[in-house]
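S.K.: What follows is data.cif, made up of mmCIF, C-alpha atoms:
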data_target
loop_
_atom_site.label_atom_id
_atom_site.label_comp_id
_atom_site.auth_asym_id
_atom_site.auth_seq_id
_atom_site.Cartn_x
_atom_site.Cartn_y
_atom_site.Cartn_z
CA MET A 1 40.63 -45.55 27.63
CA ILE A 2 38.97 -42.69 25.74
CA ALA A 3 37.38 -43.51 22.37
CA LEU A 4 37.19 -41.31 19.28
CA LEU A 5 34.46 -40.85 16.69
CA VAL A 6 35.15 -38.92 13.49
CA ILE A 7 32.04 -37.56 11.78
CA SER A 8 32.42 -36.36 8.24
CA HIS A 9 30.01 -35.58 5.44
CA SER A 10 31.98 -38.12 3.43
CA ALA A 11 32.32 -41.78 4.43
CA GLU A 12 35.69 -41.93 2.67
CA VAL A 13 37.00 -38.93 4.60
CA ALA A 14 35.83 -40.38 7.93
CA ARG A 15 37.41 -43.74 7.13
CA GLY A 16 40.65 -42.22 5.85
CA ILE A 17 41.14 -39.99 8.87
CA CYS A 18 40.60 -42.98 11.17
CA SER A 19 43.21 -45.01 9.28
CA ILE A 20 45.77 -42.22 9.62
CA ALA A 21 44.99 -41.74 13.32
CA ALA A 22 45.07 -45.48 14.03
CA GLN A 23 48.50 -45.74 12.42
CA MET A 24 49.79 -43.17 14.92
CA ALA A 25 47.91 -44.32 18.01
CA GLY A 26 48.04 -48.09 17.62
CA PRO A 27 45.19 -50.58 17.97
CA SER A 28 44.36 -49.89 21.63
CA VAL A 29 42.28 -46.74 21.03
CA PRO A 30 38.65 -47.44 20.08
CA LEU A 31 38.22 -45.42 16.91
CA GLU A 32 35.43 -45.19 14.35
CA GLY A 33 34.54 -43.00 11.44
CA CYS A 34 30.99 -42.22 10.45
CA GLY A 35 30.09 -40.38 7.25
CA GLY A 36 27.48 -40.06 4.55
CA THR A 37 23.73 -40.52 4.56
CA GLU A 38 21.94 -43.86 4.71
CA GLU A 39 22.03 -43.96 0.93
CA GLY A 40 25.73 -43.17 0.73
CA ALA A 41 25.31 -39.55 -0.38
CA LEU A 42 27.39 -36.74 1.11
CA GLY A 43 25.92 -35.78 4.48
CA THR A 44 25.36 -37.18 7.94
CA SER A 45 22.90 -39.64 9.46
CA VAL A 46 21.85 -39.17 13.08
CA PRO A 47 20.86 -42.85 13.61
CA ALA A 48 24.21 -44.04 12.16
CA ILE A 49 26.06 -41.64 14.49
CA LEU A 50 23.98 -42.80 17.43
CA GLU A 51 24.85 -46.44 16.71
CA ALA A 52 28.56 -45.63 16.43
CA MET A 53 28.40 -43.71 19.71
CA GLU A 54 26.77 -46.67 21.46
CA ARG A 55 29.38 -49.12 20.11
CA LEU A 56 32.28 -46.91 21.18
CA MET A 57 30.80 -46.07 24.59
CA ALA A 58 30.50 -49.79 25.33
CA ARG A 59 34.27 -50.11 24.87
CA SER A 60 35.52 -46.97 26.62
CA GLU A 61 35.34 -44.64 29.61
CA GLY A 62 34.43 -41.66 27.50
CA LEU A 63 34.04 -40.53 23.93
CA VAL A 64 35.46 -37.58 22.02
CA VAL A 65 33.58 -36.76 18.82
CA VAL A 66 35.41 -34.86 16.08
CA PRO A 67 33.02 -33.41 13.45
CA ASP A 68 34.17 -31.96 10.12
CA LEU A 69 31.74 -29.11 9.36
CA GLY A 70 28.83 -27.38 11.10
CA SER A 71 26.02 -29.76 10.24
CA ALA A 72 28.08 -32.69 11.52
CA VAL A 73 28.15 -30.83 14.84
CA LEU A 74 24.35 -30.57 14.81
CA ALA A 75 23.98 -34.26 13.93
CA ALA A 76 26.41 -35.20 16.75
CA ARG A 77 24.53 -33.04 19.27
CA THR A 78 21.22 -34.58 18.23
CA ALA A 79 22.58 -38.12 18.55
CA ARG A 80 24.08 -37.31 21.96
CA GLU A 81 20.69 -36.06 23.10
CA MET A 82 19.11 -39.34 22.02
CA ILE A 83 21.61 -41.71 23.64
CA GLU A 84 20.36 -43.59 26.66
CA GLY A 85 22.79 -43.03 29.52
CA GLY A 86 26.33 -41.69 29.41
CA ALA A 87 25.70 -38.48 27.42
CA GLU A 88 27.81 -36.61 29.98
CA ARG A 89 30.77 -38.78 28.98
CA ILE A 90 30.56 -37.64 25.34
CA VAL A 91 32.39 -34.46 24.34
CA ILE A 92 31.99 -32.88 20.91
CA ALA A 93 35.37 -31.34 20.22
CA ASP A 94 36.09 -28.30 18.07
CA GLY A 95 39.19 -28.33 15.91
CA PRO A 96 40.75 -29.37 12.60
CA VAL A 97 39.27 -32.76 11.89
CA LEU A 98 42.36 -34.58 10.60
CA GLU A 99 45.11 -33.05 12.73
CA GLY A 100 42.81 -32.94 15.76
CA THR A 101 41.89 -36.61 15.47
CA VAL A 102 45.53 -37.68 15.06
CA LEU A 103 46.69 -35.71 18.12
CA ALA A 104 43.70 -36.82 20.18
CA ALA A 105 44.24 -40.48 19.26
CA VAL A 106 47.87 -40.28 20.35
CA GLU A 107 46.79 -38.58 23.58
CA ALA A 108 44.15 -41.26 24.20
CA SER A 109 46.68 -44.02 23.53
CA VAL A 110 48.84 -42.83 26.44
CA GLY A 111 45.83 -42.98 28.75
CA ALA A 112 44.79 -39.30 28.93
CA GLY A 113 41.34 -38.45 30.32
CA LEU A 114 38.24 -37.23 28.49
CA GLU A 115 38.81 -33.48 28.91
CA ARG A 116 42.44 -33.67 27.92
CA VAL A 117 41.78 -35.71 24.79
CA ALA A 118 39.00 -33.30 23.78
CA SER A 119 41.11 -30.18 24.32
CA VAL A 120 43.96 -31.58 22.24
CA VAL A 121 41.63 -31.54 19.21
CA GLY A 122 41.47 -27.74 19.54
CA GLU A 123 45.19 -27.43 20.15
CA ALA A 124 45.75 -28.97 16.72
CA ARG A 125 44.81 -25.56 15.31
CA ASP A 126 48.24 -24.27 16.31
CA LEU A 127 50.09 -27.21 14.84
CA LYS A 128 52.72 -25.93 12.45
CA LYS A 129 52.70 -28.22 9.48
CA THR A 130 55.55 -26.73 7.47
CA GLN A 131 57.71 -26.50 10.62
CA ASP A 132 59.70 -23.59 9.26
CA MET B 1 -11.45 -26.80 11.89
CA ASN B 2 -8.73 -28.47 13.95
CA LEU B 3 -5.82 -30.49 12.69
CA ASP B 4 -6.63 -34.17 13.22
CA VAL B 5 -4.70 -37.34 12.38
CA GLN B 6 -6.06 -37.54 8.83
CA GLY B 7 -5.47 -33.82 8.33
CA MET B 8 -1.88 -34.14 9.53
CA LEU B 9 -1.19 -37.09 7.21
CA LYS B 10 -2.66 -35.14 4.32
CA ALA B 11 -0.59 -32.07 5.22
CA ILE B 12 2.62 -34.10 5.36
CA ASP B 13 1.87 -35.54 1.95
CA ALA B 14 1.18 -32.03 0.62
CA ILE B 15 4.45 -30.75 2.13
CA GLY B 16 6.24 -33.55 0.29
CA THR B 17 4.61 -32.43 -2.97
CA THR B 18 5.56 -28.79 -2.35
CA LEU B 19 9.18 -29.60 -1.55
CA GLU B 20 9.41 -31.81 -4.61
CA ALA B 21 8.06 -28.96 -6.77
CA HIS B 22 10.49 -26.49 -5.18
CA LYS B 23 13.50 -28.79 -5.16
CA ASP B 24 15.44 -26.86 -7.80
CA TYR B 25 14.42 -23.48 -6.39
CA LEU B 26 15.72 -24.37 -2.91
CA THR B 27 18.87 -25.87 -4.34
CA ASP B 28 19.48 -22.73 -6.43
CA LEU B 29 19.13 -20.58 -3.31
CA ASP B 30 21.54 -22.89 -1.52
CA SER B 31 24.06 -22.92 -4.37
CA ALA B 32 24.36 -19.14 -4.00
CA ILE B 33 25.36 -19.24 -0.33
CA GLY B 34 25.69 -22.86 0.74
CA ASP B 35 26.51 -26.32 -0.50
CA ALA B 36 23.79 -26.52 -3.17
CA ASP B 37 21.89 -29.40 -1.65
CA HIS B 38 19.00 -28.01 0.39
CA GLY B 39 16.30 -28.76 -2.18
CA ILE B 40 17.72 -32.20 -2.94
CA ASN B 41 18.06 -32.98 0.77
CA MET B 42 14.59 -31.80 1.75
CA ASN B 43 13.00 -33.61 -1.18
CA ARG B 44 14.86 -36.81 -0.32
CA GLY B 45 13.86 -36.45 3.34
CA PHE B 46 10.18 -35.87 2.66
CA THR B 47 10.05 -38.59 -0.01
CA LYS B 48 11.20 -40.99 2.73
CA VAL B 49 8.76 -39.42 5.19
CA ARG B 50 5.84 -39.99 2.80
CA GLU B 51 6.89 -43.62 2.34
CA LYS B 52 7.17 -44.08 6.10
CA VAL B 53 3.91 -42.50 7.20
CA SER B 54 1.91 -44.07 4.38
CA GLN B 55 2.79 -47.46 5.87
CA GLY B 56 1.84 -46.56 9.44
CA THR B 57 -1.42 -46.54 11.35
CA TYR B 58 -1.64 -43.65 13.75
CA GLY B 59 -3.86 -42.96 16.71
CA ASP B 60 -2.43 -39.57 17.66
CA LEU B 61 -0.56 -36.61 16.20
CA GLY B 62 2.57 -37.21 18.28
CA ALA B 63 3.20 -40.63 16.78
CA ILE B 64 3.04 -39.23 13.23
CA LEU B 65 5.47 -36.41 13.95
CA LYS B 66 7.86 -38.74 15.74
CA ASP B 67 8.10 -40.87 12.59
CA VAL B 68 8.58 -37.69 10.53
CA ALA B 69 11.39 -36.59 12.86
CA MET B 70 13.27 -39.88 12.88
CA THR B 71 13.01 -40.25 9.12
CA LEU B 72 14.33 -36.73 8.48
CA MET B 73 17.24 -37.29 10.85
CA SER B 74 18.38 -40.37 8.98
CA SER B 75 17.74 -39.30 5.40
CA VAL B 76 18.16 -35.54 4.92
CA GLY B 77 21.94 -35.51 5.34
CA GLY B 78 22.60 -31.78 5.74
CA ALA B 79 22.11 -29.56 8.77
CA SER B 80 18.39 -29.43 8.04
CA GLY B 81 18.13 -33.14 9.00
CA PRO B 82 18.95 -32.67 12.68
CA LEU B 83 17.27 -29.23 12.72
CA TYR B 84 13.92 -30.18 11.20
CA GLY B 85 14.22 -33.57 12.92
CA THR B 86 14.52 -31.85 16.30
CA PHE B 87 11.68 -29.47 15.40
CA PHE B 88 9.25 -32.31 14.63
CA MET B 89 10.52 -34.42 17.54
CA ARG B 90 9.85 -31.64 20.05
CA MET B 91 6.46 -31.03 18.46
CA SER B 92 5.68 -34.73 18.68
CA MET B 93 6.33 -34.72 22.43
CA LYS B 94 3.94 -31.82 22.89
CA LEU B 95 1.26 -33.43 20.70
CA ALA B 96 1.65 -36.96 22.09
CA GLY B 97 -1.75 -38.50 22.86
CA LEU B 98 -3.65 -35.73 21.06
CA GLN B 99 -6.01 -36.72 18.26
CA ALA B 100 -6.48 -33.15 17.08
CA ALA B 101 -4.72 -29.83 17.57
CA ASP B 102 -6.38 -26.43 17.80
CA ALA B 103 -4.58 -23.10 17.40
CA SER B 104 -3.22 -23.01 20.93
CA SER B 105 -1.98 -26.60 21.04
CA LEU B 106 -0.30 -26.20 17.66
CA ALA B 107 1.23 -22.91 18.84
CA ALA B 108 2.55 -24.57 21.99
CA ALA B 109 3.98 -27.47 19.98
CA MET B 110 5.63 -25.23 17.43
CA GLU B 111 7.08 -23.06 20.16
CA GLU B 112 8.62 -26.18 21.68
CA GLY B 113 9.97 -27.13 18.25
CA LEU B 114 11.50 -23.69 17.80
CA LYS B 115 13.16 -23.96 21.21
CA GLY B 116 14.69 -27.27 20.13
CA ILE B 117 16.06 -25.72 16.94
CA VAL B 118 17.54 -22.77 18.83
CA ALA B 119 19.10 -25.03 21.48
CA LEU B 120 20.66 -27.21 18.80
CA GLY B 121 21.82 -24.65 16.23
CA LYS B 122 22.29 -21.69 18.60
CA ALA B 123 20.94 -19.34 15.93
CA GLN B 124 19.39 -16.03 16.91
CA LEU B 125 17.15 -13.72 14.91
CA GLU B 126 18.96 -12.08 11.99
CA ASP B 127 21.61 -14.79 11.72
CA LYS B 128 20.05 -15.54 8.29
CA THR B 129 18.62 -18.95 9.14
CA MET B 130 15.28 -20.76 9.33
CA VAL B 131 14.82 -19.12 12.75
CA ASP B 132 14.17 -15.81 10.95
CA ALA B 133 11.03 -17.33 9.40
CA LEU B 134 10.02 -19.72 12.18
CA SER B 135 10.36 -17.43 15.17
CA PRO B 136 7.97 -14.67 13.94
CA ALA B 137 5.61 -17.40 12.70
CA VAL B 138 5.45 -18.98 16.15
CA GLU B 139 4.93 -15.54 17.73
CA ALA B 140 2.07 -14.78 15.33
CA LEU B 141 0.52 -18.20 15.91
CA LYS B 142 0.67 -17.75 19.69
CA LYS B 143 -0.74 -14.25 19.53
CA ALA B 144 -3.63 -15.27 17.30
CA ALA B 145 -4.34 -18.35 19.43
CA GLY B 146 -4.39 -16.10 22.50
CA THR B 147 -7.16 -13.98 21.00
CA GLY B 148 -9.29 -17.05 20.30
CA ALA B 149 -8.61 -17.26 16.57
CA SER B 150 -9.44 -20.45 14.72
CA LEU B 151 -6.57 -22.68 13.65
CA THR B 152 -6.89 -21.51 10.04
CA GLU B 153 -6.89 -17.82 11.05
CA ALA B 154 -3.92 -18.34 13.35
CA LEU B 155 -1.98 -20.20 10.67
CA GLU B 156 -2.77 -17.46 8.15
CA ALA B 157 -1.10 -14.97 10.49
CA ALA B 158 1.81 -17.34 11.01
CA VAL B 159 2.36 -17.84 7.29
CA LEU B 160 2.37 -14.08 6.65
CA ALA B 161 4.90 -13.63 9.44
CA ALA B 162 7.04 -16.46 8.07
CA GLN B 163 6.96 -14.91 4.61
CA ALA B 164 8.05 -11.52 5.94
CA GLY B 165 10.75 -13.23 7.99
CA MET B 166 11.96 -15.20 4.99
CA GLU B 167 12.15 -12.06 2.87
CA SER B 168 13.98 -10.25 5.67
CA THR B 169 16.91 -12.68 5.31
CA VAL B 170 17.89 -11.23 1.90
CA PRO B 171 19.97 -8.25 3.13
CA LEU B 172 21.44 -10.11 6.12
CA VAL B 173 25.01 -11.36 6.57
CA ALA B 174 24.91 -15.08 7.40
CA ARG B 175 26.26 -15.87 10.85
CA LYS B 176 25.48 -19.59 11.02
CA GLY B 177 26.06 -22.63 8.87
CA ARG B 178 27.95 -23.04 5.63
CA ALA B 179 26.75 -19.60 4.43
CA SER B 180 28.65 -17.94 7.28
CA TYR B 181 31.91 -18.97 5.59
CA LEU B 182 30.98 -16.47 2.87
CA GLY B 183 30.61 -13.53 5.26
CA LYS B 184 29.45 -10.40 3.44
CA ARG B 185 29.15 -12.27 0.15
CA SER B 186 26.00 -13.87 1.60
CA VAL B 187 24.20 -10.49 1.43
CA GLY B 188 21.54 -10.21 -1.27
CA HIS B 189 20.51 -13.87 -1.18
CA GLN B 190 17.43 -15.32 0.51
CA ASP B 191 18.18 -17.99 3.07
CA PRO B 192 17.22 -21.48 1.84
CA GLY B 193 16.31 -22.74 5.35
CA ALA B 194 13.99 -19.79 5.98
CA THR B 195 12.46 -20.49 2.57
CA SER B 196 11.79 -24.17 3.25
CA THR B 197 10.28 -23.22 6.61
CA TYR B 198 7.91 -20.81 4.86
CA LEU B 199 7.03 -23.46 2.26
CA ILE B 200 6.25 -26.04 4.96
CA LEU B 201 4.01 -23.66 6.92
CA SER B 202 2.19 -22.30 3.89
CA THR B 203 1.54 -25.83 2.63
CA LEU B 204 0.20 -26.84 6.04
CA LEU B 205 -2.24 -23.93 5.83
CA MET B 206 -3.24 -24.74 2.25
CA SER B 207 -3.82 -28.38 3.10
CA LEU B 208 -5.92 -27.44 6.13
CA LYS B 209 -8.08 -25.09 4.05
CA GLU B 210 -8.72 -27.83 1.50
CA VAL B 211 -10.00 -30.15 4.23
CA ALA B 212 -12.29 -27.45 5.62
#
For the structure just supplied, provide its representation as structure tokens.

M.R.:
Amino acid sequence: MIALLVISHSAEVARGICSIAAQMAGPSVPLEGCGGTEEGALGTSVPAILEAMERLMARSEGLVVVPDLGSAVLAARTAREMIEGGAERIVIADGPVLEGTVLAAVEASVGAGLERVASVVGEARDLKKTQD
Amino acid sequence: MNLDVQGMLKAIDAIGTTLEAHKDYLTDLDSAIGDADHGINMNRGFTKVREKVSQGTYGDLGAILKDVAMTLMSSVGGASGPLYGTFFMRMSMKLAGLQAADASSLAAAMEEGLKGIVALGKAQLEDKTMVDALSPAVEALKKAAGTGASLTEALEAAVLAAQAGMESTVPLVARKGRASYLGKRSVGHQDPGATSTYLILSTLLMSLKEVA
């Protein structure tokens, strides 16, 4: 099973997106949100991301990270560089953070592999929300 | 005069003081083209750094900069956390085991730090980022070190280059970070990251001159 980590500048956003994705994907997909600095301000914390990565990697075959804005990407890359073993099984995906996480979680729940789950995050860009 | 363990600790404390004094200035620059938190973030980061290193006992430069790096990564919050964190982490690897740095060892360490920043943020010159200040500074430092300049002389050249690089960001269109969302509206504003880089380097020089 592929795991998902949502990184947002806001802890509430990260948590909320995970709740929405979990509702769609069911409890089988390892899913965590990580947001805010150590003091709870808006931002990201590399050590907190690293810890979340390690927890999720221990429960999965690979990890797709979905960051919200640019500096979350930098924090994710830095944490991936610091992880001991398995960095090649972590993909930082590029796409809309909410829609991408929901689609990727559904994809992971049906047993898709690391590359597929990561690419679905990008495909969420073409998702037509109004459907008209 | 080389940069030894005591000199480095003193410089880090001085950098904290400078960033605290320039907190509003950096935040104002960032509110024009970013998310208005650079000064707050850098001040928070270096306040934590000062707390951390004041509690430590250090035998070499690498160990100090490693603590600086890890503290910035966990406390800064914005993109400058991973970026400056990576900068100091790469420097710490280069300075591991060294009790003092001369111009060429500091140049080599800063070049390694710059490489880390570029690998992480993928910024090139003229993207309107800290690289616009740091890259010419590292070049100047290397060049001066190559001609046998003292650390102070080499850093003087580096600070001048960083200042020119910082000022050169004003007319640029941002191509990286939150400012890039503004496109052409970013023109006419000095980049906050390039400014904090200049402030850090100029404070390092000032602190070194005071010791001498």

S.K.: Select from chain B every residue with an atom at most 7 Å from any atom of chain A, then for each give the shortest pair of atoms and their distance in Å to one decimal, using only C-alpha atoms, rows by chain and rising number, as a Markdown table.

M.R.:
| residue | atom | partner | partner_atom | distance |
| --- | --- | --- | --- | --- |
| B:Met73 | CA | A:Val46 | CA | 5.5 |
| B:Ser74 | CA | A:Ser45 | CA | 4.6 |
| B:Ser75 | CA | A:Thr37 | CA | 6.2 |
| B:Gly77 | CA | A:Gly43 | CA | 4.1 |
| B:Gly78 | CA | A:Gly43 | CA | 5.3 |
| B:Ala79 | CA | A:Ser71 | CA | 4.2 |
| B:Pro82 | CA | A:Ala75 | CA | 5.4 |
| B:Leu120 | CA | A:Leu74 | CA | 6.4 |
| B:Gly121 | CA | A:Leu74 | CA | 6.6 |
| B:Gly177 | CA | A:Gly70 | CA | 5.9 |

S.K.: Keeping C-alpha atoms for every residue in the selection just given, could you write it to a file as a PDB file, in the frame of the given file?

M.R.:
ATOM      1  CA  MET B  73      17.240 -37.290  10.850  1.00  0.00           C
ATOM      2  CA  SER B  74      18.380 -40.370   8.980  1.00  0.00           C
ATOM      3  CA  SER B  75      17.740 -39.300   5.400  1.00  0.00           C
ATOM      4  CA  GLY B  77      21.940 -35.510   5.340  1.00  0.00           C
ATOM      5  CA  GLY B  78      22.600 -31.780   5.740  1.00  0.00           C
ATOM      6  CA  ALA B  79      22.110 -29.560   8.770  1.00  0.00           C
ATOM      7  CA  PRO B  82      18.950 -32.670  12.680  1.00  0.00           C
ATOM      8  CA  LEU B 120      20.660 -27.210  18.800  1.00  0.00           C
ATOM      9  CA  GLY B 121      21.820 -24.650  16.230  1.00  0.00           C
ATOM     10  CA  GLY B 177      26.060 -22.630   8.870  1.00  0.00           C
TER      11      GLY B 177
END

S.K.: Name every residue that the PyMOL selection byres ((chain B and resi 39) around 8) selects in this structure, writing the answer as a list in words with chains first and numbers rising.

M.R.: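 This file, filtered by the PyMOL selection byres ((chain B and resi 39) around 8), leaves Leu19, Glu20, His22, Lys23, Asp24, Tyr25, Leu26, Thr27, Asp30, Ala36, Asp37, His38, Ile40, Asn41, Met42 and Asn43 of chain B.
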
S.K.: Using the chain letters and numbers from the file, which residues does the PyMOL selection byres ((chain B and resi 127-142) around 7) grab, as a PyMOL selection string?

M.R.: chain B and resi 104+107+110-111+114+123-126+143-146+154-155+157-159+161-163+165-166+169+172-176+191+193-194+197-198

S.K.: Can you spell out as a list in words the set of residues that the PyMOL selection byres ((chain A and resi 68) around 6) selects in the structure I just provided?

M.R.: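 Written out, the selection comes to Ser8, Pro67, Leu69 and Val97 of chain A.
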
S.K.: Suppose you want the space between CA of Val102 in chain A and CA of Arg89 in chain A; what is it in Å?

M.R.: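 Interatomic distance here is 20.3 Å.
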
S.K.: If you measure from CA of Ala104 in chain A to CA of Gly85 in chain A, what distance in Å do you get, rounded to one decimal?

M.R.: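 It comes out at 23.7 Å.
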
S.K.: Report the distance between CA of Ser119 in chain A and CA of Ile7 in chain A in Å, rounded to one decimal place.

M.R.: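 Computed distance, CA of Ser119 in chain A to CA of Ile7 in chain A, equals 17.1 Å.
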
S.K.: Kindly indicate which residue among A:Ala11, A:Cys34, A:Ile20, A:Met82 lies nearest to Thr101 in chain A, using only C-alpha atoms for the distances.

M.R.: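 With only C-alpha atoms as the atom set, the closest residue is A:Ile20.
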
S.K.: Applying 9 Å and only C-alpha atoms, which residues near range 7-17 of chain B remain after dropping the ones on its own chain fewer than 2 positions away? List them as number ranges by chain.

M.R.: B: 2-5, 19-22, 42-43, 45-47, 49-50, 53-54, 61, 64-65, 68, 100, 199-208, 211

S.K.: Smallest atom-to-atom distance to Glu99 in chain A: which of A:Val64, A:Ala14, A:Ser19, A:Lys129, using all atoms listed in the file?

M.R.: A:Lys129

S.K.: Could you list, as a PDB file with C-alpha atoms, keeping the file's coordinate frame, every residue within 12 Å of Gln23 in chain A, counting only C-alpha atoms and ignoring same-chain residues fewer than 4 positions away?

M.R.:
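The resulting file, out01.pdb, is reproduced below:
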ATOM      1  CA  GLY A  16      40.650 -42.220   5.850  1.00  0.00           C
ATOM      2  CA  ILE A  17      41.140 -39.990   8.870  1.00  0.00           C
ATOM      3  CA  CYS A  18      40.600 -42.980  11.170  1.00  0.00           C
ATOM      4  CA  SER A  19      43.210 -45.010   9.280  1.00  0.00           C
ATOM      5  CA  PRO A  27      45.190 -50.580  17.970  1.00  0.00           C
ATOM      6  CA  SER A  28      44.360 -49.890  21.630  1.00  0.00           C
ATOM      7  CA  VAL A  29      42.280 -46.740  21.030  1.00  0.00           C
ATOM      8  CA  LEU A  31      38.220 -45.420  16.910  1.00  0.00           C
ATOM      9  CA  THR A 101      41.890 -36.610  15.470  1.00  0.00           C
ATOM     10  CA  VAL A 102      45.530 -37.680  15.060  1.00  0.00           C
ATOM     11  CA  LEU A 103      46.690 -35.710  18.120  1.00  0.00           C
ATOM     12  CA  ALA A 105      44.240 -40.480  19.260  1.00  0.00           C
ATOM     13  CA  VAL A 106      47.870 -40.280  20.350  1.00  0.00           C
ATOM     14  CA  SER A 109      46.680 -44.020  23.530  1.00  0.00           C
TER      15      SER A 109
END

S.K.: Measuring between only C-alpha atoms, which one of B:Ala101, B:Gly148, B:Gly183, B:Lys52 shows the shortest distance to Met1 in chain B?

M.R.: B:Ala101
